[in-house]
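Asks: If you scroll down you'll find the structure; I have some questions about it.
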Amino acid sequence: MPRITVTVDGVKYEEDVEPRLLLVHLLRERLGKTGTPVGCDTSNCGACTVMLDGKSAKSCTVLAVQADGCDVVTIEGLGSNGSMHPMQQAFHEEHALQCGYCTPGMVMAAIDLLRDTPDPSEDAIREGLEGNLCRCTGYCNIVRAVRRGAQEMGQAVRTQ
Amino acid sequence: MTEVGRARRRKEDARLLSGRTQWTDNLRQPGMLHVMFLRSPMAHARITRVDVSAALGLPGVVAAYSGQDFAAEQGSLPCAWPVTDNVVIPEHPPMATSEVRYVGEAVACVVATDRYRAADALEAIEVDYEPLPAVLDMNEALTPDSPKVHEAGNQAYSMQMTVGDIDAAFRDAPVVIDRTYVQQRLIPSAMEPRAVLANTDGDSFTLWSSTQIPHILRVMLAVVTGIPEHKIRVVAPDVGGGFGSKLQVTAEEVLCLLIAKRLGKAVKWVESRSEGNLTVHHGRDQIQHIQLAAEADGRIRGLKVDLLADMGAYLMLITPGIPLLGAQMFNAIYKMDAYEFGCTGVFTTKMPTDAYRGAGRPEATYGIERMMDELAAELRLDPLEVRRRNWIRHEEFPYTTISGLTYDSGNYEAATDKALALFGYDKLRAEQADRRDRGDPVQLGIGVSTFTEMCGLAPSRGLGAANFGAGGWEHGSVRMLPTGKVEVITGSSPHGQGHVTAWSQIVADSLGVPFEDVTVLHGDTAISHKGMDTYGSRSLTVGGIAVLRACDKVKDKARKLAAHLLECSPDDLDFADGVFKVRGTESQKSIQELAFAAFLAHDLPEGVEARLDSDATFDPENFSFPHGTHLCAMEVDTETGMAKIRSYVAVDDIGKVVNPLIVEGQIHGGIAQGIAQALFEEAVYDADGNLLTTTMADYLLPSAADLPEFVTDRTETPATSNPLGVKGVGEAGTIASTPAVVNAIVDALRPHGVHDVQMPCTPERIWRALA
Ligand code: FES
Ligand code: FES
């Protein structure tokens, strides 16, 4: 079995994995990182989205062995010192989650979207989140939350 | 400031936003094994052999079973709604033993140490089938020569009701509109796939399931498996959406329980999405034949509705009742002299249908709201004008409709006026005329939906009259803890609706305690002993009120204790902001002080127990009747068939509002699901009965890029059937939006001679309608 080294939410792990093991199952079943859920088996829903070396990736579409040497950030690793990341806070303020199942992936995808487009229009947000499905919210409040998150992250950058 | 009515941010969020979740798939038990099911690839076949022996030798495999292995104990999955005397409820073994009747039906399973091993082992199981003919088309299924799904034939039931002189209404009617609409089959698609974890200590059982109905499930598991009810605990931990699809007693729940019993071990099953598309009950699937007779001025004389409703292969928990939830809704907000409703439930070799957001009411609302537009077109009237000439005027409430429901309150005029203003109706109509005149290839259509619905499923008496196998009450209990904090237990079982927040608001106002001091527990039969769970937009109008009633009882107890401690009569006390004050004096006791006094019990009056808590059930006297006006503007490219929503306005009247933020979220999500039926979604079976839309790549759930911003607002006509004046909101958006969208598309294309487009209105279908 291949041995991989992977850093998840700041903690380094060494694991022997079957070549076919999916990253999301490594996270959930082996490392106990159940904050990242699974919503489909065809890479459509985005519920499993994490940051892989700083870019969003659907962790159901990555083999654990492909993550060897990578830095993974999940929803559990966002925020610092017990306070929420501005995007998490924005989702809370705008009521951008109901059941919350899509939320971890949605938040990760939203943060990734802002890397390229720090101040996205409504249309850009809608296009940018196309790979993440939500069945509860109808997306209006998610779009509002991403705009709010963008503003606050912009503020944070400016005041740094 | 009162808490009720305030846009409180949700207490639920922080946990969900940071991944500290308790989805069933996140849970583990010591020694836990994984179950996977082998499913029928045939729509209809006799099982001639199942051989699991090769699977048993594989690494990590602990057990493998066929349906025969459970034959003696698995019972039959329940149908709790025997709608008519002539209903046929076939045996429905959780695991097929001799015959399969839809693709996806479980025929065998393996139990292994992890899910990868289990998946490997499934491939080693051998099953031989002798194919039988699939039955896929409802009309054909009812012909005498059709192959049969069940021995007793393909008709599950039929019913008919007529009110008024329907023949007279149609005789010599100046206008008769006759249409047939097809409600396509839908897949509910909650984002969390189903999952079940069952454990046993050898004597009693705990079952965690991604369910909307832990309480009902517990009763049903006991009935189906024979395990005594008091030995079963059911927990609905975090549940990632339901929309009716988790209002079910499933084969997997029963089988996991039986496997745990047999092995004496914890077992978990987690559904894959493709498995779920096949085997989570589907929604809708009706053929609606509707005839409407009207006067020349547009006033409705009578309405006839004849439904064929696809039950699928079996009757599940409330399968046969779903179309009948629309029986009293086709007449909607309109007055008429006569009404006839008939429905035939039909068996086919497809996944059973059952509740999906709106359940029977979206179908009815679609039917009537499409017909009202057809009537308007026929008479060359504005669609809103035809509605105005027929709807119940606000001064006529309470109003008993032709189908026998009494609508307690409503104001269709007010909601419509507000919607028109927000939408800019006249301006859009002018633009539409202009585009028509110019022969613009992109035409503008305006769709109207002035809907109402019956929800808040209750009262028990009414449900009993409909032969529904459960009551309509809800239970709540409220405990003052010694330190003055409040613990609330609700029989509702939220899965995204925000009950923890909303119930906290209700309790904070009632007891005069801070919002932060209230905690709400739910979804575990060991904690919440009594409940009827969450579906049918019932939680607030029934469950929220039960909690309010429990608060009233707590205050009654507190008043007696306060009177004793303050040495006055209970009648001399005024209660406000959590404090009992002796009228005209400064002496007072806060509810927190009283909670502690009850805990100490050092000085209790005669007949008062050492606790400040209570519980209550609430059973309202009537359904709740939210209503509203939804308007949709649609740009339709007549050259390509592409249709795009330009704007969408929804004005809903759901009476008083506890939390406007939560309400808006419910409306948004509801509208999105209704639009999805109109434009995107359809479960498609091929000619052999194979489901083609097994993945999210094939079954088109809308993404953010497919939907517009919704403009929402409210009017507020309080319900009179409960003390808060609230109405249900969970399904309203879905019920309203589907006809608004399709009406808009048809409105855009009417000058081209189009008077219907079959849902989902894909570009191809629109383009073909134009050809
Ligand atoms: S689980 Fe659906 S995209 Fe990964
Ligand atoms: S909040 Fe439930 S799926 Fe998005």
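By convention in this document, the chains of the structure tokens carry letters A, B, ... by their order, each chain's residues are numbered from 1, and ligands are numbered from 1 in the order they are shown.
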I need the contact residues of chain B against chain A, so if you could list those with any atom within 6 Å, counting only C-alpha atoms, and return them as an mmCIF file with C-alpha atoms, in the first residue's frame, that would help.
Replies:
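Saved file part_8.cif follows:
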data_model
loop_
_atom_site.group_PDB
_atom_site.id
_atom_site.type_symbol
_atom_site.label_atom_id
_atom_site.label_comp_id
_atom_site.auth_asym_id
_atom_site.auth_seq_id
_atom_site.Cartn_x
_atom_site.Cartn_y
_atom_site.Cartn_z
ATOM 1 C CA LEU B 16 -23.143 23.705 10.540
ATOM 2 C CA SER B 18 -17.750 24.916 10.907
ATOM 3 C CA GLY B 19 -18.236 21.242 10.114
ATOM 4 C CA ARG B 20 -19.167 20.187 13.633
ATOM 5 C CA ASN B 26 -20.526 10.930 10.442
ATOM 6 C CA MET B 191 -28.494 17.097 -0.602
ATOM 7 C CA GLU B 192 -27.750 14.624 2.143
ATOM 8 C CA GLY B 240 -29.556 17.386 5.360
ATOM 9 C CA GLY B 241 -32.879 18.281 3.836
ATOM 10 C CA ARG B 273 -26.471 9.376 -5.031
ATOM 11 C CA HIS B 495 -33.873 19.311 8.999
ATOM 12 C CA GLY B 496 -33.012 22.826 7.923
ATOM 13 C CA GLY B 665 -35.389 31.461 3.069
ATOM 14 C CA HIS B 668 -36.689 31.273 -1.838
ATOM 15 C CA GLY B 669 -35.980 27.574 -1.643
ATOM 16 C CA ALA B 672 -36.395 27.352 -6.727
ATOM 17 C CA SER B 703 -27.399 25.690 -9.823
ATOM 18 C CA ALA B 704 -27.045 29.344 -8.852
ATOM 19 C CA ALA B 705 -26.308 30.133 -12.490
ATOM 20 C CA GLU B 709 -32.712 36.793 -7.812
#
Asks: Would you pick out the contacts of A:Asp71 at 8 Å or less, using only C-alpha atoms, so that residues sharing its chain but fewer than 5 positions from it are not included, and give the list as a short mmCIF file (atom, residue, chain, number, x, y, z; two decimals) with N, CA, C and O atoms, in the first residue's frame?
Replies:
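Result file out36.cif:
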data_model
loop_
_atom_site.label_atom_id
_atom_site.label_comp_id
_atom_site.auth_asym_id
_atom_site.auth_seq_id
_atom_site.Cartn_x
_atom_site.Cartn_y
_atom_site.Cartn_z
N VAL A 6 0.32 13.91 4.17
CA VAL A 6 -0.60 14.98 3.80
C VAL A 6 -0.87 15.84 5.04
O VAL A 6 -0.92 15.32 6.16
N THR A 7 -0.94 17.13 4.81
CA THR A 7 -1.25 18.04 5.91
C THR A 7 -2.71 18.44 5.80
O THR A 7 -3.14 18.89 4.73
N VAL A 8 -3.46 18.22 6.85
CA VAL A 8 -4.88 18.58 6.83
C VAL A 8 -5.17 19.51 7.99
O VAL A 8 -4.92 19.17 9.15
N ASP A 9 -5.65 20.68 7.66
CA ASP A 9 -5.97 21.70 8.67
C ASP A 9 -4.81 21.90 9.64
O ASP A 9 -4.99 21.96 10.86
N GLY A 10 -3.62 21.93 9.05
CA GLY A 10 -2.45 22.25 9.85
C GLY A 10 -1.79 21.08 10.55
O GLY A 10 -0.76 21.23 11.18
N MET A 51 -9.87 22.92 0.09
CA MET A 51 -8.74 23.60 -0.54
C MET A 51 -7.57 22.62 -0.62
O MET A 51 -7.18 22.04 0.39
N LEU A 52 -7.06 22.46 -1.83
CA LEU A 52 -5.92 21.57 -2.03
C LEU A 52 -4.79 22.47 -2.53
O LEU A 52 -4.90 23.03 -3.63
N ASP A 53 -3.78 22.63 -1.71
CA ASP A 53 -2.69 23.57 -2.01
C ASP A 53 -3.25 24.93 -2.45
O ASP A 53 -2.82 25.51 -3.44
N GLY A 54 -4.25 25.38 -1.71
CA GLY A 54 -4.74 26.75 -1.92
C GLY A 54 -5.79 26.91 -2.98
O GLY A 54 -6.31 28.01 -3.18
#
Asks: From the options B:Ser204, B:Thr48, B:Ser587, B:Gln666, which residue's atoms come nearest to ligand 2, counting only C-alpha atoms and all ligand atoms?
Replies: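 Ranked by minimum distance to ligand 2, first place goes to B:Gln666.
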Asks: Taking into account only C-alpha atoms, which residue in the set A:Gln66, A:Ser56, A:Thr61, A:Gln151 is nearest to A:Arg3?
Replies: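 Smallest distance to A:Arg3 is found for A:Gln66.
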Asks: When DSSP is applied to the backbone of this structure, which of stretch 540-753 of chain B are assigned strand (DSSP E)? Write them out as a VMD selection string.
Replies: chain B and resid 573 to 576 579 to 582 588 to 590 613 to 618 627 to 637 643 to 653 711 to 715
Asks: DSSP on the backbone, then: every residue of chain A marked alpha helix (DSSP H), written as a ChimeraX atom specification.
Replies: /A:23-25,86-93,103-116,122-128,140-159
Asks: Selected residues, C-alpha atoms, written as a PDB file, in the first residue's frame, please.
Replies:
ATOM      1  CA  LEU A  23      -9.423  11.864  -0.641  1.00  0.00           C
ATOM      2  CA  VAL A  24     -12.851  12.523   0.843  1.00  0.00           C
ATOM      3  CA  HIS A  25     -12.882   9.053   2.384  1.00  0.00           C
ATOM      4  CA  PRO A  86     -15.492  36.273   7.324  1.00  0.00           C
ATOM      5  CA  MET A  87     -17.158  34.064   4.726  1.00  0.00           C
ATOM      6  CA  GLN A  88     -18.604  31.779   7.378  1.00  0.00           C
ATOM      7  CA  GLN A  89     -19.799  34.852   9.256  1.00  0.00           C
ATOM      8  CA  ALA A  90     -21.367  36.235   6.085  1.00  0.00           C
ATOM      9  CA  PHE A  91     -23.262  32.990   5.501  1.00  0.00           C
ATOM     10  CA  HIS A  92     -24.600  33.270   9.038  1.00  0.00           C
ATOM     11  CA  GLU A  93     -25.607  36.927   8.679  1.00  0.00           C
ATOM     12  CA  THR A 103     -22.510  24.654   3.248  1.00  0.00           C
ATOM     13  CA  PRO A 104     -18.937  23.438   3.793  1.00  0.00           C
ATOM     14  CA  GLY A 105     -18.421  23.032   0.058  1.00  0.00           C
ATOM     15  CA  MET A 106     -20.229  26.253  -0.728  1.00  0.00           C
ATOM     16  CA  VAL A 107     -18.088  28.264   1.694  1.00  0.00           C
ATOM     17  CA  MET A 108     -14.867  26.767   0.330  1.00  0.00           C
ATOM     18  CA  ALA A 109     -15.942  27.403  -3.259  1.00  0.00           C
ATOM     19  CA  ALA A 110     -16.914  30.980  -2.389  1.00  0.00           C
ATOM     20  CA  ILE A 111     -13.529  31.676  -0.842  1.00  0.00           C
ATOM     21  CA  ASP A 112     -11.830  30.216  -3.885  1.00  0.00           C
ATOM     22  CA  LEU A 113     -13.973  32.370  -6.177  1.00  0.00           C
ATOM     23  CA  LEU A 114     -12.708  35.495  -4.456  1.00  0.00           C
ATOM     24  CA  ARG A 115      -9.078  34.548  -5.093  1.00  0.00           C
ATOM     25  CA  ASP A 116      -9.550  35.372  -8.748  1.00  0.00           C
ATOM     26  CA  GLU A 122     -23.983  38.884  -8.751  1.00  0.00           C
ATOM     27  CA  ASP A 123     -23.651  37.157 -12.123  1.00  0.00           C
ATOM     28  CA  ALA A 124     -20.013  36.302 -11.492  1.00  0.00           C
ATOM     29  CA  ILE A 125     -20.950  34.730  -8.170  1.00  0.00           C
ATOM     30  CA  ARG A 126     -23.727  32.703  -9.757  1.00  0.00           C
ATOM     31  CA  GLU A 127     -21.402  31.496 -12.520  1.00  0.00           C
ATOM     32  CA  GLY A 128     -18.566  30.897 -10.089  1.00  0.00           C
ATOM     33  CA  CYS A 140     -30.405  34.176  -3.283  1.00  0.00           C
ATOM     34  CA  ASN A 141     -28.999  34.367   0.206  1.00  0.00           C
ATOM     35  CA  ILE A 142     -25.846  32.515  -0.790  1.00  0.00           C
ATOM     36  CA  VAL A 143     -25.198  35.157  -3.439  1.00  0.00           C
ATOM     37  CA  ARG A 144     -25.808  37.892  -0.866  1.00  0.00           C
ATOM     38  CA  ALA A 145     -23.503  36.156   1.577  1.00  0.00           C
ATOM     39  CA  VAL A 146     -20.690  35.895  -0.929  1.00  0.00           C
ATOM     40  CA  ARG A 147     -21.014  39.587  -1.718  1.00  0.00           C
ATOM     41  CA  ARG A 148     -20.922  40.428   1.971  1.00  0.00           C
ATOM     42  CA  GLY A 149     -18.017  38.059   2.532  1.00  0.00           C
ATOM     43  CA  ALA A 150     -16.152  39.685  -0.349  1.00  0.00           C
ATOM     44  CA  GLN A 151     -16.674  43.128   1.113  1.00  0.00           C
ATOM     45  CA  GLU A 152     -15.504  42.066   4.528  1.00  0.00           C
ATOM     46  CA  MET A 153     -12.516  40.195   3.214  1.00  0.00           C
ATOM     47  CA  GLY A 154     -11.686  43.259   1.111  1.00  0.00           C
ATOM     48  CA  GLN A 155     -11.901  45.371   4.257  1.00  0.00           C
ATOM     49  CA  ALA A 156      -9.708  42.938   6.101  1.00  0.00           C
ATOM     50  CA  VAL A 157      -7.089  43.078   3.377  1.00  0.00           C
ATOM     51  CA  ARG A 158      -7.180  46.869   3.322  1.00  0.00           C
ATOM     52  CA  THR A 159      -6.803  47.245   7.073  1.00  0.00           C
TER      53      THR A 159
END
Asks: Could you give me, as a PyMOL selection string, the residues within 8 Å of B:Ala458, counting only C-alpha atoms and dropping anything in the same chain fewer than 4 positions from it?
Replies: chain B and resi 462-463+471-473+538+542+619-623
Asks: Name the residues in contact with B:Asn199 at a cut-off of 6 Å, using only C-alpha atoms, excluding same-chain residues fewer than 4 positions from it; report them as a VMD selection string.
Replies: chain B and resid 205 to 206 260 266
Asks: Counting only C-alpha atoms and all ligand atoms, which of B:Leu132, B:Cys632, B:Ile216, B:Leu17 gets nearest to ligand 2?
Replies: B:Leu17
Asks: If I take atom CA of B:Leu221 and atom CA of B:Thr21, how far is one from the other in Å, to one decimal?
Replies: 26.1 Å
Asks: As a PyMOL selection string, please: the residues near B:Gly544 (cut-off 8 Å, only C-alpha atoms, same-chain neighbours under 4 positions excluded).
Replies: chain B and resi 476+503+506+539-540+548
Asks: Would you write out those residues with all heavy atoms, as a CSV table (one decimal), in the first residue's frame?
Replies:
chain,number,residue,atom,x,y,z
B,476,GLY,N,-45.2,19.4,22.7
B,476,GLY,CA,-44.0,20.2,23.1
B,476,GLY,C,-43.9,20.2,24.6
B,476,GLY,O,-44.9,20.0,25.3
B,503,TRP,N,-38.4,28.5,17.7
B,503,TRP,CA,-39.0,28.1,19.0
B,503,TRP,C,-38.5,28.9,20.2
B,503,TRP,O,-39.2,29.3,21.1
B,503,TRP,CB,-38.9,26.6,19.3
B,503,TRP,CG,-39.7,25.6,18.5
B,503,TRP,CD1,-40.0,24.3,19.0
B,503,TRP,CD2,-40.3,25.7,17.3
B,503,TRP,NE1,-40.7,23.7,18.1
B,503,TRP,CE2,-41.0,24.5,17.0
B,503,TRP,CE3,-40.4,26.7,16.3
B,503,TRP,CZ2,-41.7,24.2,15.8
B,503,TRP,CZ3,-41.1,26.4,15.1
B,503,TRP,CH2,-41.8,25.2,14.9
B,506,ILE,N,-40.3,32.2,20.3
B,506,ILE,CA,-41.7,32.0,20.8
B,506,ILE,C,-41.6,31.9,22.4
B,506,ILE,O,-42.3,32.6,23.1
B,506,ILE,CB,-42.4,30.8,20.2
B,506,ILE,CG1,-42.6,31.0,18.7
B,506,ILE,CG2,-43.6,30.5,21.0
B,506,ILE,CD1,-43.1,29.8,18.0
B,539,SER,N,-44.9,22.4,11.1
B,539,SER,CA,-44.2,22.5,12.4
B,539,SER,C,-44.6,23.7,13.2
B,539,SER,O,-44.8,23.6,14.4
B,539,SER,CB,-42.7,22.5,12.1
B,539,SER,OG,-42.3,21.3,11.6
B,540,LEU,N,-44.6,24.9,12.6
B,540,LEU,CA,-44.9,26.1,13.4
B,540,LEU,C,-46.4,26.1,13.8
B,540,LEU,O,-46.7,26.3,14.9
B,540,LEU,CB,-44.6,27.4,12.6
B,540,LEU,CG,-45.0,28.7,13.3
B,540,LEU,CD1,-44.3,28.8,14.6
B,540,LEU,CD2,-44.6,29.8,12.4
B,548,LEU,N,-45.9,26.8,22.7
B,548,LEU,CA,-46.5,28.0,23.3
B,548,LEU,C,-47.5,27.6,24.4
B,548,LEU,O,-47.5,28.2,25.5
B,548,LEU,CB,-47.3,28.8,22.2
B,548,LEU,CG,-47.8,30.1,22.6
B,548,LEU,CD1,-46.7,31.1,23.0
B,548,LEU,CD2,-48.7,30.7,21.5
Asks: Atom CA of B:Gln68 to atom CA of B:Ser210: how many Å, to one decimal?
Replies: 27.0 Å
Asks: Could you tell me which of B:Thr319, B:Thr279, B:Ser98, B:Ser449 comes closest to B:Leu384 if we count only C-alpha atoms?
Replies: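 Of B:Thr319, B:Thr279, B:Ser98, B:Ser449, the one nearest B:Leu384, counting only C-alpha atoms, is B:Ser449.
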Asks: Write out as a list in words each polymer residue whose atoms come within 7 Å of stretch 135-149 of chain B, counting only C-alpha atoms; drop sequence neighbours fewer than 4 positions from it.
Replies: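 Near stretch 135-149 of chain B, the qualifying residues are Arg101, Gly153, Asn154, Gln155, Asp310, Ala313, Val346, Phe347, Thr348, Thr349 and Gly689 of chain B.
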Asks: Would you write out those residues with all heavy atoms, as a PDB file, in the first residue's frame?
Replies:
ATOM      1  N   ARG B 101     -40.036  -5.548  -8.805  1.00  0.00           N
ATOM      2  CA  ARG B 101     -41.026  -4.768  -9.551  1.00  0.00           C
ATOM      3  C   ARG B 101     -40.548  -3.378  -9.931  1.00  0.00           C
ATOM      4  O   ARG B 101     -41.309  -2.575 -10.448  1.00  0.00           O
ATOM      5  CB  ARG B 101     -42.324  -4.704  -8.759  1.00  0.00           C
ATOM      6  CG  ARG B 101     -42.976  -6.064  -8.587  1.00  0.00           C
ATOM      7  CD  ARG B 101     -44.336  -5.958  -7.927  1.00  0.00           C
ATOM      8  NE  ARG B 101     -44.996  -7.261  -7.871  1.00  0.00           N
ATOM      9  CZ  ARG B 101     -44.798  -8.162  -6.913  1.00  0.00           C
ATOM     10  NH1 ARG B 101     -43.949  -7.909  -5.923  1.00  0.00           N
ATOM     11  NH2 ARG B 101     -45.426  -9.314  -6.936  1.00  0.00           N
ATOM     12  N   GLY B 153     -53.972  -6.808 -10.152  1.00  0.00           N
ATOM     13  CA  GLY B 153     -54.182  -5.882 -11.264  1.00  0.00           C
ATOM     14  C   GLY B 153     -53.453  -4.576 -11.042  1.00  0.00           C
ATOM     15  O   GLY B 153     -52.751  -4.407 -10.043  1.00  0.00           O
ATOM     16  N   ASN B 154     -53.616  -3.659 -11.985  1.00  0.00           N
ATOM     17  CA  ASN B 154     -52.811  -2.438 -11.967  1.00  0.00           C
ATOM     18  C   ASN B 154     -53.524  -1.228 -11.383  1.00  0.00           C
ATOM     19  O   ASN B 154     -52.960  -0.152 -11.324  1.00  0.00           O
ATOM     20  CB  ASN B 154     -52.324  -2.122 -13.380  1.00  0.00           C
ATOM     21  CG  ASN B 154     -51.395  -3.209 -13.897  1.00  0.00           C
ATOM     22  OD1 ASN B 154     -50.780  -3.923 -13.097  1.00  0.00           O
ATOM     23  ND2 ASN B 154     -51.308  -3.349 -15.206  1.00  0.00           N
ATOM     24  N   GLN B 155     -54.770  -1.406 -11.001  1.00  0.00           N
ATOM     25  CA  GLN B 155     -55.446  -0.272 -10.365  1.00  0.00           C
ATOM     26  C   GLN B 155     -55.264  -0.364  -8.860  1.00  0.00           C
ATOM     27  O   GLN B 155     -55.661  -1.345  -8.237  1.00  0.00           O
ATOM     28  CB  GLN B 155     -56.934  -0.263 -10.723  1.00  0.00           C
ATOM     29  CG  GLN B 155     -57.652   0.910 -10.072  1.00  0.00           C
ATOM     30  CD  GLN B 155     -59.115   0.990 -10.449  1.00  0.00           C
ATOM     31  OE1 GLN B 155     -59.471   1.020 -11.616  1.00  0.00           O
ATOM     32  NE2 GLN B 155     -59.968   1.036  -9.443  1.00  0.00           N
ATOM     33  N   ASP B 310     -49.571   7.944 -10.844  1.00  0.00           N
ATOM     34  CA  ASP B 310     -48.650   6.803 -10.863  1.00  0.00           C
ATOM     35  C   ASP B 310     -48.164   6.519  -9.440  1.00  0.00           C
ATOM     36  O   ASP B 310     -47.477   7.355  -8.839  1.00  0.00           O
ATOM     37  CB  ASP B 310     -47.466   7.112 -11.786  1.00  0.00           C
ATOM     38  CG  ASP B 310     -46.662   5.870 -12.123  1.00  0.00           C
ATOM     39  OD1 ASP B 310     -46.741   4.872 -11.359  1.00  0.00           O
ATOM     40  OD2 ASP B 310     -45.958   5.886 -13.151  1.00  0.00           O
ATOM     41  N   ALA B 313     -44.458   0.919  -8.033  1.00  0.00           N
ATOM     42  CA  ALA B 313     -44.657  -0.522  -7.866  1.00  0.00           C
ATOM     43  C   ALA B 313     -45.363  -0.914  -6.572  1.00  0.00           C
ATOM     44  O   ALA B 313     -45.932  -1.993  -6.491  1.00  0.00           O
ATOM     45  CB  ALA B 313     -43.303  -1.217  -7.940  1.00  0.00           C
ATOM     46  N   VAL B 346     -52.522   4.149 -10.091  1.00  0.00           N
ATOM     47  CA  VAL B 346     -52.106   3.097 -11.021  1.00  0.00           C
ATOM     48  C   VAL B 346     -50.745   2.533 -10.613  1.00  0.00           C
ATOM     49  O   VAL B 346     -49.816   3.289 -10.303  1.00  0.00           O
ATOM     50  CB  VAL B 346     -52.000   3.664 -12.460  1.00  0.00           C
ATOM     51  CG1 VAL B 346     -51.696   2.551 -13.454  1.00  0.00           C
ATOM     52  CG2 VAL B 346     -53.276   4.397 -12.850  1.00  0.00           C
ATOM     53  N   PHE B 347     -50.652   1.205 -10.608  1.00  0.00           N
ATOM     54  CA  PHE B 347     -49.353   0.572 -10.375  1.00  0.00           C
ATOM     55  C   PHE B 347     -48.560   0.488 -11.671  1.00  0.00           C
ATOM     56  O   PHE B 347     -49.113   0.165 -12.737  1.00  0.00           O
ATOM     57  CB  PHE B 347     -49.529  -0.853  -9.839  1.00  0.00           C
ATOM     58  CG  PHE B 347     -50.044  -0.919  -8.433  1.00  0.00           C
ATOM     59  CD1 PHE B 347     -51.268  -1.498  -8.140  1.00  0.00           C
ATOM     60  CD2 PHE B 347     -49.289  -0.395  -7.382  1.00  0.00           C
ATOM     61  CE1 PHE B 347     -51.737  -1.558  -6.834  1.00  0.00           C
ATOM     62  CE2 PHE B 347     -49.754  -0.452  -6.067  1.00  0.00           C
ATOM     63  CZ  PHE B 347     -50.987  -1.041  -5.795  1.00  0.00           C
ATOM     64  N   THR B 348     -47.272   0.796 -11.577  1.00  0.00           N
ATOM     65  CA  THR B 348     -46.350   0.594 -12.690  1.00  0.00           C
ATOM     66  C   THR B 348     -45.079  -0.032 -12.129  1.00  0.00           C
ATOM     67  O   THR B 348     -44.906  -0.078 -10.907  1.00  0.00           O
ATOM     68  CB  THR B 348     -45.964   1.926 -13.360  1.00  0.00           C
ATOM     69  OG1 THR B 348     -45.356   2.765 -12.360  1.00  0.00           O
ATOM     70  CG2 THR B 348     -47.174   2.626 -13.960  1.00  0.00           C
ATOM     71  N   THR B 349     -44.201  -0.477 -13.000  1.00  0.00           N
ATOM     72  CA  THR B 349     -42.949  -1.052 -12.512  1.00  0.00           C
ATOM     73  C   THR B 349     -41.879   0.034 -12.433  1.00  0.00           C
ATOM     74  O   THR B 349     -40.854  -0.005 -13.108  1.00  0.00           O
ATOM     75  CB  THR B 349     -42.484  -2.197 -13.424  1.00  0.00           C
ATOM     76  OG1 THR B 349     -42.478  -1.721 -14.771  1.00  0.00           O
ATOM     77  CG2 THR B 349     -43.400  -3.392 -13.318  1.00  0.00           C
ATOM     78  N   GLY B 689     -37.901   0.188 -18.655  1.00  0.00           N
ATOM     79  CA  GLY B 689     -38.096   0.494 -17.243  1.00  0.00           C
ATOM     80  C   GLY B 689     -36.814   0.777 -16.490  1.00  0.00           C
ATOM     81  O   GLY B 689     -36.782   0.723 -15.266  1.00  0.00           O
TER      82      GLY B 689
END
Asks: Within 12 Å of B:Glu396, counting only C-alpha atoms, which residues show up once you throw out same-chain ones fewer than 5 positions away? Write them as number ranges by chain, please.
Replies: B: 333-335, 391, 401, 406-412
Asks: Write out the residues from the selection above, keeping C-alpha atoms, as a PDB file, in the first residue's frame.
Replies:
ATOM      1  CA  ILE B 333     -59.196  30.565  -4.490  1.00  0.00           C
ATOM      2  CA  TYR B 334     -62.122  30.552  -6.888  1.00  0.00           C
ATOM      3  CA  LYS B 335     -65.872  30.404  -6.468  1.00  0.00           C
ATOM      4  CA  TRP B 391     -61.716  34.782  -6.470  1.00  0.00           C
ATOM      5  CA  THR B 401     -65.286  26.442  -0.723  1.00  0.00           C
ATOM      6  CA  THR B 406     -63.331  26.538   5.215  1.00  0.00           C
ATOM      7  CA  TYR B 407     -60.644  29.112   4.513  1.00  0.00           C
ATOM      8  CA  ASP B 408     -60.303  31.100   7.713  1.00  0.00           C
ATOM      9  CA  SER B 409     -58.677  34.202   6.292  1.00  0.00           C
ATOM     10  CA  GLY B 410     -57.057  35.690   3.251  1.00  0.00           C
ATOM     11  CA  ASN B 411     -56.730  38.796   1.176  1.00  0.00           C
ATOM     12  CA  TYR B 412     -55.993  37.978  -2.435  1.00  0.00           C
TER      13      TYR B 412
END
Asks: With only C-alpha atoms and all ligand atoms as the atoms that count, which of B:Val111, B:Ile392, B:Ala610, B:Pro494 lies nearest to ligand 2?
Replies: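 Closest residue, counting only C-alpha atoms and all ligand atoms: B:Pro494.
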